[in-house]
Amino acid sequence: MIHPYKLKSNPAEIIPAVILCALSVIICLNPFKDILNLTEICFYIALIFAFVMFFIRRNKFDLSEPLRLPFLLFVLWAIASIAWAVEWKNTLHDLYPRLIKFIILYYLLILVVNTRRHFIYLVYILIASTSLFALGSLLYVYCIQVNSLLFQLTLDHISANHIGEICLFAALLSVIALSFAEKWPQRIALVLCFSSNLIAILLTYSRSSLLALAIGTCVLIYFSKFKKTFAVAFSIILVSVIFLANTDSMFKAKLSSTAIFQEARIAIFATALEMIKDRPLNGFGFDAKVFGNNMVKYNQRLSPKYSFPQIGHTHNVFLDITIRLGLIGLGLFLFILFRVFKMARELINAGEDAFIHKWGAGLTACLVAILVAGLFENILAKRISMILYITIAMITILWKLHRLETHNSL
């Protein structure tokens, strides 16, 4: 793949390329096991070069975008939660790697991804790395380890549900990119990428990932004016699910009414609500382990039918944030999402520009899919959080491109 920057001897031209290369490594390695803290090294290389870029540029870059205020308020409230946190050391420890660092990543992305060429480069990096991860996982689990296809796709360093959430993002991106592809080699490559990610999702037996993928595809079909490719993708997903439901005993059992209504998540949600009653406004502190450390105490308040083995998280992003930061923190998180969807609506309504409109609809579908998965899973885990913030960054990048191009055409 050709790098989106044409390098020159001018440092002002080289530095953005270095930052983008470092970010590319971080994005590529996100699904994989980190080697020698390479992602950490690349993150700080990108950050240092961003500071250098800021001081050597005569015209300072524009970081104005609608998320400055909601991000600032959310971060300040999370920092303030140290004062009333149940475990203030855990809260202090989690603030930087689980929140501030992702917001920095967001700003680094919108700093250097500032043309359509850069944007497409980012898309293909995401598709290629995740598809390799999906394909590698399938080969390792079912060919090297020689497991039956009835064996749930899972790895030592990542759960089946998280594999599904990572792959659903790349599957949706593949479908959107396929609708733009004009040459057959590119189409074949994107179909293979979509197929490897879809097969990985199916073999995780993750109901939340499949539901998220189906709803994300429906959003694509509804909002996009170019429906043919997306309708075909939805049909493939639906046929795959029906086929598995009729041939695979494990998948059939997971879809049964007994499995759904006796789901442990009901007991988990009830316990989470019990915790929220104790600290409704300010929460327990921005501590990723706060639910797991306190769930036994609050679960004992409920009927024995709601008992379940100890678990580390709520399986719901909105309950998780409310427990950690209270209803005020949840309101600030919803404020962030409101601003993001407001940008997305502007992109979808840009019907005269097929690139902006289709990618606006596509990224809206990706964000909806991630949030749907977040209703049943922990999307604040590091790998999935990165995907969430990358999606938000891509919507912002597209919004800024649209605003800039509209302004220049006047």
# chains A, B, ... in the order shown; residues from 1 in each chain; ligands from 1
>>> closest_atom_pairs(of="region 79-189 of chain A", to="region 28-33 of chain A", cutoff="7 Å", atoms="only C-alpha atoms", output="Markdown table")
| residue | atom | partner | partner_atom | distance |
| --- | --- | --- | --- | --- |
| A:Ile125 | CA | A:Cys28 | CA | 6.8 |
| A:Leu126 | CA | A:Cys28 | CA | 6.8 |
| A:Ser129 | CA | A:Cys28 | CA | 5.0 |
| A:Thr130 | CA | A:Pro31 | CA | 6.7 |
| A:Phe133 | CA | A:Pro31 | CA | 6.6 |
| A:His157 | CA | A:Lys33 | CA | 7.0 |
>>> write_last_selection(atoms="N, CA and C atoms", output="tab-separated table (two decimals), in the first residue's frame")
chain	number	residue	atom	x	y	z
A	125	ILE	N	-5.94	0.09	6.65
A	125	ILE	CA	-5.12	-0.42	7.75
A	125	ILE	C	-5.99	-1.21	8.73
A	126	LEU	N	-7.15	-0.65	9.07
A	126	LEU	CA	-8.07	-1.31	10.00
A	126	LEU	C	-8.59	-2.63	9.43
A	129	SER	N	-5.50	-5.33	9.07
A	129	SER	CA	-4.97	-5.88	10.32
A	129	SER	C	-5.98	-6.79	11.00
A	130	THR	N	-7.26	-6.38	11.03
A	130	THR	CA	-8.27	-7.20	11.70
A	130	THR	C	-8.57	-8.47	10.91
A	133	PHE	N	-5.93	-10.86	11.66
A	133	PHE	CA	-6.18	-11.39	13.00
A	133	PHE	C	-7.26	-12.48	12.95
A	157	HIS	N	-5.39	-14.74	25.12
A	157	HIS	CA	-5.30	-13.35	25.53
A	157	HIS	C	-6.56	-12.54	25.24
>>> closest_residue(among="A:Val317, A:Leu73, A:Leu135, A:Leu95", to="Phe376 (chain A)", atoms="only C-alpha atoms")
A:Val317
>>> residues_around(residues="region 86-93 of chain A", least_positions_apart="4", cutoff="12 Å", atoms="only C-alpha atoms", output="VMD selection string")
chain A and resid 77 to 82 97 to 100 279 282 to 291 293 to 294 323 to 325
>>> residues_around(residues="Ala350 (chain A)", least_positions_apart="2", cutoff="12 Å", atoms="only C-alpha atoms", output="list in words")
Phe223, Ser224, Lys225, Met343, Ala344, Arg345, Glu346, Leu347, Ile348, Glu352, Asp353, Ala354, Phe355, Ile356, His357, Lys358, Trp359, Gly360, Ala361, Leu398, Trp399, Leu401, His402, Arg403, Glu405 and Thr406 of chain A
>>> write_last_selection(atoms="N, CA and C atoms", output="CSV table (one decimal), in the first residue's frame")
chain,number,residue,atom,x,y,z
A,223,PHE,N,-29.8,4.2,5.9
A,223,PHE,CA,-29.3,5.5,5.7
A,223,PHE,C,-28.6,5.8,4.4
A,224,SER,N,-28.1,4.7,3.8
A,224,SER,CA,-27.3,4.9,2.6
A,224,SER,C,-28.2,4.9,1.4
A,225,LYS,N,-27.9,5.7,0.4
A,225,LYS,CA,-28.6,5.7,-0.9
A,225,LYS,C,-28.1,4.6,-1.8
A,343,MET,N,-22.8,15.1,14.4
A,343,MET,CA,-21.8,15.2,13.3
A,343,MET,C,-22.2,14.1,12.2
A,344,ALA,N,-22.5,12.9,12.7
A,344,ALA,CA,-22.9,11.8,11.7
A,344,ALA,C,-24.1,12.2,10.9
A,345,ARG,N,-25.1,12.8,11.5
A,345,ARG,CA,-26.3,13.2,10.8
A,345,ARG,C,-26.0,14.2,9.7
A,346,GLU,N,-25.1,15.1,10.0
A,346,GLU,CA,-24.6,16.1,9.0
A,346,GLU,C,-24.0,15.4,7.8
A,347,LEU,N,-23.2,14.4,8.1
A,347,LEU,CA,-22.5,13.7,7.0
A,347,LEU,C,-23.5,12.9,6.2
A,348,ILE,N,-24.4,12.2,6.8
A,348,ILE,CA,-25.4,11.4,6.1
A,348,ILE,C,-26.3,12.3,5.2
A,352,GLU,N,-25.1,15.1,-1.8
A,352,GLU,CA,-24.5,15.4,-3.1
A,352,GLU,C,-23.1,14.9,-3.2
A,353,ASP,N,-22.5,14.5,-2.1
A,353,ASP,CA,-21.1,14.0,-2.1
A,353,ASP,C,-21.2,12.5,-1.7
A,354,ALA,N,-21.0,11.6,-2.7
A,354,ALA,CA,-21.2,10.2,-2.4
A,354,ALA,C,-20.2,9.7,-1.4
A,355,PHE,N,-19.0,10.2,-1.4
A,355,PHE,CA,-17.9,9.7,-0.5
A,355,PHE,C,-18.3,10.1,0.9
A,356,ILE,N,-18.6,11.3,1.2
A,356,ILE,CA,-19.0,11.8,2.5
A,356,ILE,C,-20.2,11.1,3.0
A,357,HIS,N,-21.3,11.0,2.1
A,357,HIS,CA,-22.5,10.4,2.5
A,357,HIS,C,-22.4,9.0,2.9
A,358,LYS,N,-21.7,8.2,2.0
A,358,LYS,CA,-21.6,6.8,2.2
A,358,LYS,C,-20.8,6.4,3.4
A,359,TRP,N,-19.6,7.1,3.6
A,359,TRP,CA,-18.8,6.8,4.7
A,359,TRP,C,-19.4,7.4,6.0
A,360,GLY,N,-20.2,8.5,5.9
A,360,GLY,CA,-20.9,9.0,7.1
A,360,GLY,C,-22.0,7.9,7.6
A,361,ALA,N,-22.7,7.4,6.6
A,361,ALA,CA,-23.7,6.3,6.9
A,361,ALA,C,-23.0,5.1,7.5
A,398,LEU,N,-14.0,12.9,9.1
A,398,LEU,CA,-14.9,13.0,7.9
A,398,LEU,C,-15.7,14.3,8.0
A,399,TRP,N,-16.2,14.6,9.2
A,399,TRP,CA,-16.9,15.9,9.5
A,399,TRP,C,-16.1,17.1,9.2
A,401,LEU,N,-13.4,17.2,7.2
A,401,LEU,CA,-13.2,17.2,5.8
A,401,LEU,C,-14.4,17.8,5.0
A,402,HIS,N,-15.5,17.4,5.4
A,402,HIS,CA,-16.8,17.9,4.8
A,402,HIS,C,-16.9,19.4,5.0
A,403,ARG,N,-16.7,19.9,6.3
A,403,ARG,CA,-16.8,21.3,6.6
A,403,ARG,C,-15.7,22.1,5.8
A,405,GLU,N,-14.1,21.3,2.9
A,405,GLU,CA,-14.4,21.3,1.5
A,405,GLU,C,-15.6,22.1,1.2
A,406,THR,N,-16.6,22.2,2.0
A,406,THR,CA,-17.8,23.0,1.8
A,406,THR,C,-17.4,24.5,1.9
>>> closest_residue(among="A:Leu23, A:Ile237, A:Leu319, A:Leu178", to="Ile104 (chain A)", atoms="only C-alpha atoms")
A:Leu23
>>> select_by_dssp(residues="region 14-159 of chain A", states="alpha helix (DSSP H)", output="PyMOL selection string")
chain A and resi 14-29+38-56+68-80+88-95+101-112+116-138
>>> write_last_selection(atoms="C-alpha atoms", output="mmCIF file, in the first residue's frame")
data_model
loop_
_atom_site.group_PDB
_atom_site.id
_atom_site.type_symbol
_atom_site.label_atom_id
_atom_site.label_comp_id
_atom_site.auth_asym_id
_atom_site.auth_seq_id
_atom_site.Cartn_x
_atom_site.Cartn_y
_atom_site.Cartn_z
ATOM 1 C CA ILE A 14 8.112 14.291 7.420
ATOM 2 C CA ILE A 15 6.781 14.652 10.984
ATOM 3 C CA PRO A 16 3.078 13.993 10.143
ATOM 4 C CA ALA A 17 4.178 10.885 8.215
ATOM 5 C CA VAL A 18 6.124 9.614 11.245
ATOM 6 C CA ILE A 19 3.100 10.207 13.490
ATOM 7 C CA LEU A 20 0.802 8.372 11.077
ATOM 8 C CA CYS A 21 3.247 5.446 10.796
ATOM 9 C CA ALA A 22 3.395 5.160 14.589
ATOM 10 C CA LEU A 23 -0.410 5.278 14.840
ATOM 11 C CA SER A 24 -0.662 2.658 12.084
ATOM 12 C CA VAL A 25 1.471 0.259 14.131
ATOM 13 C CA ILE A 26 -0.749 0.848 17.195
ATOM 14 C CA ILE A 27 -3.912 0.177 15.176
ATOM 15 C CA CYS A 28 -2.429 -2.886 13.462
ATOM 16 C CA LEU A 29 -1.349 -4.469 16.743
ATOM 17 C CA LEU A 38 5.639 -1.894 20.844
ATOM 18 C CA THR A 39 2.286 -0.108 20.991
ATOM 19 C CA GLU A 40 3.466 1.909 24.009
ATOM 20 C CA ILE A 41 6.683 2.892 22.227
ATOM 21 C CA CYS A 42 4.793 3.942 19.088
ATOM 22 C CA PHE A 43 2.230 5.891 21.111
ATOM 23 C CA TYR A 44 4.897 8.020 22.788
ATOM 24 C CA ILE A 45 6.794 8.459 19.505
ATOM 25 C CA ALA A 46 3.576 9.838 17.976
ATOM 26 C CA LEU A 47 2.962 12.063 20.995
ATOM 27 C CA ILE A 48 6.510 13.483 21.044
ATOM 28 C CA PHE A 49 6.440 14.196 17.319
ATOM 29 C CA ALA A 50 3.020 15.852 17.701
ATOM 30 C CA PHE A 51 4.552 18.252 20.233
ATOM 31 C CA VAL A 52 7.480 18.930 17.880
ATOM 32 C CA MET A 53 5.036 19.519 15.036
ATOM 33 C CA PHE A 54 3.101 21.992 17.166
ATOM 34 C CA PHE A 55 6.185 24.108 17.903
ATOM 35 C CA ILE A 56 7.723 24.164 14.410
ATOM 36 C CA ARG A 68 -13.778 19.367 22.989
ATOM 37 C CA LEU A 69 -16.298 20.400 25.642
ATOM 38 C CA PRO A 70 -17.932 16.985 26.289
ATOM 39 C CA PHE A 71 -14.534 15.261 26.406
ATOM 40 C CA LEU A 72 -13.189 17.901 28.799
ATOM 41 C CA LEU A 73 -16.201 17.664 31.124
ATOM 42 C CA PHE A 74 -16.114 13.849 31.102
ATOM 43 C CA VAL A 75 -12.382 13.738 31.897
ATOM 44 C CA LEU A 76 -12.691 16.363 34.657
ATOM 45 C CA TRP A 77 -15.573 14.459 36.262
ATOM 46 C CA ALA A 78 -13.598 11.194 36.068
ATOM 47 C CA ILE A 79 -10.585 12.904 37.697
ATOM 48 C CA ALA A 80 -12.836 14.402 40.376
ATOM 49 C CA TRP A 88 -9.003 5.810 45.001
ATOM 50 C CA LYS A 89 -5.718 4.137 44.052
ATOM 51 C CA ASN A 90 -7.473 1.977 41.445
ATOM 52 C CA THR A 91 -9.286 5.032 40.100
ATOM 53 C CA LEU A 92 -6.041 6.979 39.861
ATOM 54 C CA HIS A 93 -4.370 4.014 38.151
ATOM 55 C CA ASP A 94 -7.132 3.522 35.548
ATOM 56 C CA LEU A 95 -7.697 7.151 34.525
ATOM 57 C CA LYS A 101 -4.777 7.923 26.622
ATOM 58 C CA PHE A 102 -7.655 7.094 24.239
ATOM 59 C CA ILE A 103 -8.663 10.752 24.028
ATOM 60 C CA ILE A 104 -5.051 11.611 23.169
ATOM 61 C CA LEU A 105 -5.178 8.908 20.470
ATOM 62 C CA TYR A 106 -8.365 10.523 19.153
ATOM 63 C CA TYR A 107 -6.645 13.906 18.830
ATOM 64 C CA LEU A 108 -3.519 12.412 17.252
ATOM 65 C CA LEU A 109 -5.695 10.782 14.592
ATOM 66 C CA ILE A 110 -7.641 13.925 13.724
ATOM 67 C CA LEU A 111 -4.328 15.820 13.630
ATOM 68 C CA VAL A 112 -2.646 13.783 10.884
ATOM 69 C CA ARG A 116 -9.519 11.773 1.884
ATOM 70 C CA ARG A 117 -6.382 9.868 0.931
ATOM 71 C CA HIS A 118 -5.311 9.660 4.566
ATOM 72 C CA PHE A 119 -8.821 8.590 5.568
ATOM 73 C CA ILE A 120 -8.884 5.694 3.076
ATOM 74 C CA TYR A 121 -5.391 4.685 4.205
ATOM 75 C CA LEU A 122 -6.708 4.439 7.787
ATOM 76 C CA VAL A 123 -9.703 2.374 6.630
ATOM 77 C CA TYR A 124 -7.527 -0.157 4.808
ATOM 78 C CA ILE A 125 -5.116 -0.423 7.750
ATOM 79 C CA LEU A 126 -8.075 -1.309 10.002
ATOM 80 C CA ILE A 127 -9.536 -3.817 7.540
ATOM 81 C CA ALA A 128 -6.208 -5.508 6.733
ATOM 82 C CA SER A 129 -4.975 -5.879 10.325
ATOM 83 C CA THR A 130 -8.270 -7.200 11.696
ATOM 84 C CA SER A 131 -8.786 -9.566 8.768
ATOM 85 C CA LEU A 132 -5.308 -11.006 9.324
ATOM 86 C CA PHE A 133 -6.185 -11.394 12.995
ATOM 87 C CA ALA A 134 -9.461 -13.162 12.134
ATOM 88 C CA LEU A 135 -7.825 -15.447 9.582
ATOM 89 C CA GLY A 136 -4.866 -16.188 11.859
ATOM 90 C CA SER A 137 -7.199 -17.004 14.768
ATOM 91 C CA LEU A 138 -9.249 -19.382 12.610
#
>>> atom_distance(atom1="CA of Ala393 (chain A)", atom2="CA of Gly362 (chain A)")
13.7 Å
>>> atom_distance(atom1="CA of Leu36 (chain A)", atom2="CA of Ser159 (chain A)")
21.8 Å
>>> closest_residue(among="A:Ser64, A:Ser148, A:Asn349, A:Asn197", to="Val175 (chain A)", atoms="only C-alpha atoms")
A:Asn197
>>> atom_distance(atom1="CA of Leu371 (chain A)", atom2="CA of Val340 (chain A)")
12.7 Å
>>> closest_residue(among="A:Leu139, A:Thr396, A:Leu281, A:Ala369", to="Trp84 (chain A)", atoms="only C-alpha atoms")
A:Leu281
>>> residues_around(residues="Ala212 (chain A)", least_positions_apart="2", cutoff="10 Å", atoms="only C-alpha atoms", output="VMD selection string")
chain A and resid 164 to 165 168 to 169 206 to 210 214 to 218 365 to 375
>>> write_last_selection(atoms="N, CA and C atoms", output="PDB file, in the first residue's frame")
ATOM      1  N   GLY A 164     -15.388 -11.284  18.592  1.00  0.00           N
ATOM      2  CA  GLY A 164     -16.542 -10.923  17.784  1.00  0.00           C
ATOM      3  C   GLY A 164     -16.688  -9.429  17.613  1.00  0.00           C
ATOM      4  N   GLU A 165     -16.457  -8.662  18.674  1.00  0.00           N
ATOM      5  CA  GLU A 165     -16.612  -7.202  18.616  1.00  0.00           C
ATOM      6  C   GLU A 165     -15.531  -6.558  17.749  1.00  0.00           C
ATOM      7  N   LEU A 168     -16.473  -7.492  14.034  1.00  0.00           N
ATOM      8  CA  LEU A 168     -17.677  -6.884  13.456  1.00  0.00           C
ATOM      9  C   LEU A 168     -17.373  -5.501  12.902  1.00  0.00           C
ATOM     10  N   PHE A 169     -16.462  -4.769  13.524  1.00  0.00           N
ATOM     11  CA  PHE A 169     -16.066  -3.445  13.034  1.00  0.00           C
ATOM     12  C   PHE A 169     -15.408  -3.567  11.661  1.00  0.00           C
ATOM     13  N   SER A 206     -21.055 -15.623  19.554  1.00  0.00           N
ATOM     14  CA  SER A 206     -21.388 -14.437  20.341  1.00  0.00           C
ATOM     15  C   SER A 206     -22.686 -13.831  19.815  1.00  0.00           C
ATOM     16  N   ARG A 207     -23.756 -13.977  20.587  1.00  0.00           N
ATOM     17  CA  ARG A 207     -25.055 -13.438  20.166  1.00  0.00           C
ATOM     18  C   ARG A 207     -25.013 -11.917  20.073  1.00  0.00           C
ATOM     19  N   SER A 208     -24.290 -11.289  21.013  1.00  0.00           N
ATOM     20  CA  SER A 208     -24.233  -9.821  21.002  1.00  0.00           C
ATOM     21  C   SER A 208     -23.530  -9.311  19.747  1.00  0.00           C
ATOM     22  N   SER A 209     -22.462  -9.980  19.322  1.00  0.00           N
ATOM     23  CA  SER A 209     -21.738  -9.547  18.123  1.00  0.00           C
ATOM     24  C   SER A 209     -22.575  -9.736  16.865  1.00  0.00           C
ATOM     25  N   LEU A 210     -23.282 -10.874  16.793  1.00  0.00           N
ATOM     26  CA  LEU A 210     -24.142 -11.117  15.629  1.00  0.00           C
ATOM     27  C   LEU A 210     -25.291 -10.128  15.569  1.00  0.00           C
ATOM     28  N   ALA A 214     -25.838  -7.409  12.593  1.00  0.00           N
ATOM     29  CA  ALA A 214     -27.100  -7.343  11.841  1.00  0.00           C
ATOM     30  C   ALA A 214     -27.711  -5.945  11.924  1.00  0.00           C
ATOM     31  N   ILE A 215     -27.736  -5.359  13.123  1.00  0.00           N
ATOM     32  CA  ILE A 215     -28.307  -4.017  13.277  1.00  0.00           C
ATOM     33  C   ILE A 215     -27.447  -2.984  12.558  1.00  0.00           C
ATOM     34  N   GLY A 216     -26.117  -3.134  12.644  1.00  0.00           N
ATOM     35  CA  GLY A 216     -25.229  -2.217  11.924  1.00  0.00           C
ATOM     36  C   GLY A 216     -25.478  -2.246  10.426  1.00  0.00           C
ATOM     37  N   THR A 217     -25.683  -3.452   9.885  1.00  0.00           N
ATOM     38  CA  THR A 217     -25.958  -3.585   8.452  1.00  0.00           C
ATOM     39  C   THR A 217     -27.319  -2.979   8.099  1.00  0.00           C
ATOM     40  N   CYS A 218     -28.304  -3.139   8.992  1.00  0.00           N
ATOM     41  CA  CYS A 218     -29.621  -2.523   8.770  1.00  0.00           C
ATOM     42  C   CYS A 218     -29.513  -1.000   8.746  1.00  0.00           C
ATOM     43  N   ALA A 365     -23.200   3.409  11.220  1.00  0.00           N
ATOM     44  CA  ALA A 365     -23.543   1.996  11.416  1.00  0.00           C
ATOM     45  C   ALA A 365     -22.528   1.302  12.323  1.00  0.00           C
ATOM     46  N   CYS A 366     -21.238   1.613  12.117  1.00  0.00           N
ATOM     47  CA  CYS A 366     -20.187   1.023  12.963  1.00  0.00           C
ATOM     48  C   CYS A 366     -20.368   1.423  14.422  1.00  0.00           C
ATOM     49  N   LEU A 367     -20.642   2.713  14.653  1.00  0.00           N
ATOM     50  CA  LEU A 367     -20.813   3.197  16.024  1.00  0.00           C
ATOM     51  C   LEU A 367     -22.046   2.576  16.669  1.00  0.00           C
ATOM     52  N   VAL A 368     -23.150   2.502  15.920  1.00  0.00           N
ATOM     53  CA  VAL A 368     -24.369   1.870  16.444  1.00  0.00           C
ATOM     54  C   VAL A 368     -24.088   0.408  16.791  1.00  0.00           C
ATOM     55  N   ALA A 369     -23.368  -0.294  15.911  1.00  0.00           N
ATOM     56  CA  ALA A 369     -23.058  -1.716  16.152  1.00  0.00           C
ATOM     57  C   ALA A 369     -22.229  -1.887  17.425  1.00  0.00           C
ATOM     58  N   ILE A 370     -21.228  -1.041  17.617  1.00  0.00           N
ATOM     59  CA  ILE A 370     -20.393  -1.136  18.817  1.00  0.00           C
ATOM     60  C   ILE A 370     -21.223  -0.877  20.072  1.00  0.00           C
ATOM     61  N   LEU A 371     -22.119   0.109  20.010  1.00  0.00           N
ATOM     62  CA  LEU A 371     -22.954   0.430  21.173  1.00  0.00           C
ATOM     63  C   LEU A 371     -23.977  -0.665  21.441  1.00  0.00           C
ATOM     64  N   VAL A 372     -24.500  -1.292  20.380  1.00  0.00           N
ATOM     65  CA  VAL A 372     -25.417  -2.429  20.575  1.00  0.00           C
ATOM     66  C   VAL A 372     -24.680  -3.572  21.262  1.00  0.00           C
ATOM     67  N   ALA A 373     -23.462  -3.855  20.811  1.00  0.00           N
ATOM     68  CA  ALA A 373     -22.643  -4.874  21.497  1.00  0.00           C
ATOM     69  C   ALA A 373     -22.405  -4.470  22.947  1.00  0.00           C
ATOM     70  N   GLY A 374     -22.263  -3.143  23.172  1.00  0.00           N
ATOM     71  CA  GLY A 374     -22.032  -2.628  24.520  1.00  0.00           C
ATOM     72  C   GLY A 374     -23.207  -2.782  25.460  1.00  0.00           C
ATOM     73  N   LEU A 375     -24.400  -3.078  24.923  1.00  0.00           N
ATOM     74  CA  LEU A 375     -25.551  -3.340  25.788  1.00  0.00           C
ATOM     75  C   LEU A 375     -25.426  -4.683  26.500  1.00  0.00           C
TER      76      LEU A 375
END
>>> closest_residue(among="A:Thr391, A:Ser303, A:Arg265, A:Leu327", to="Asp278 (chain A)", atoms="only C-alpha atoms")
A:Leu327
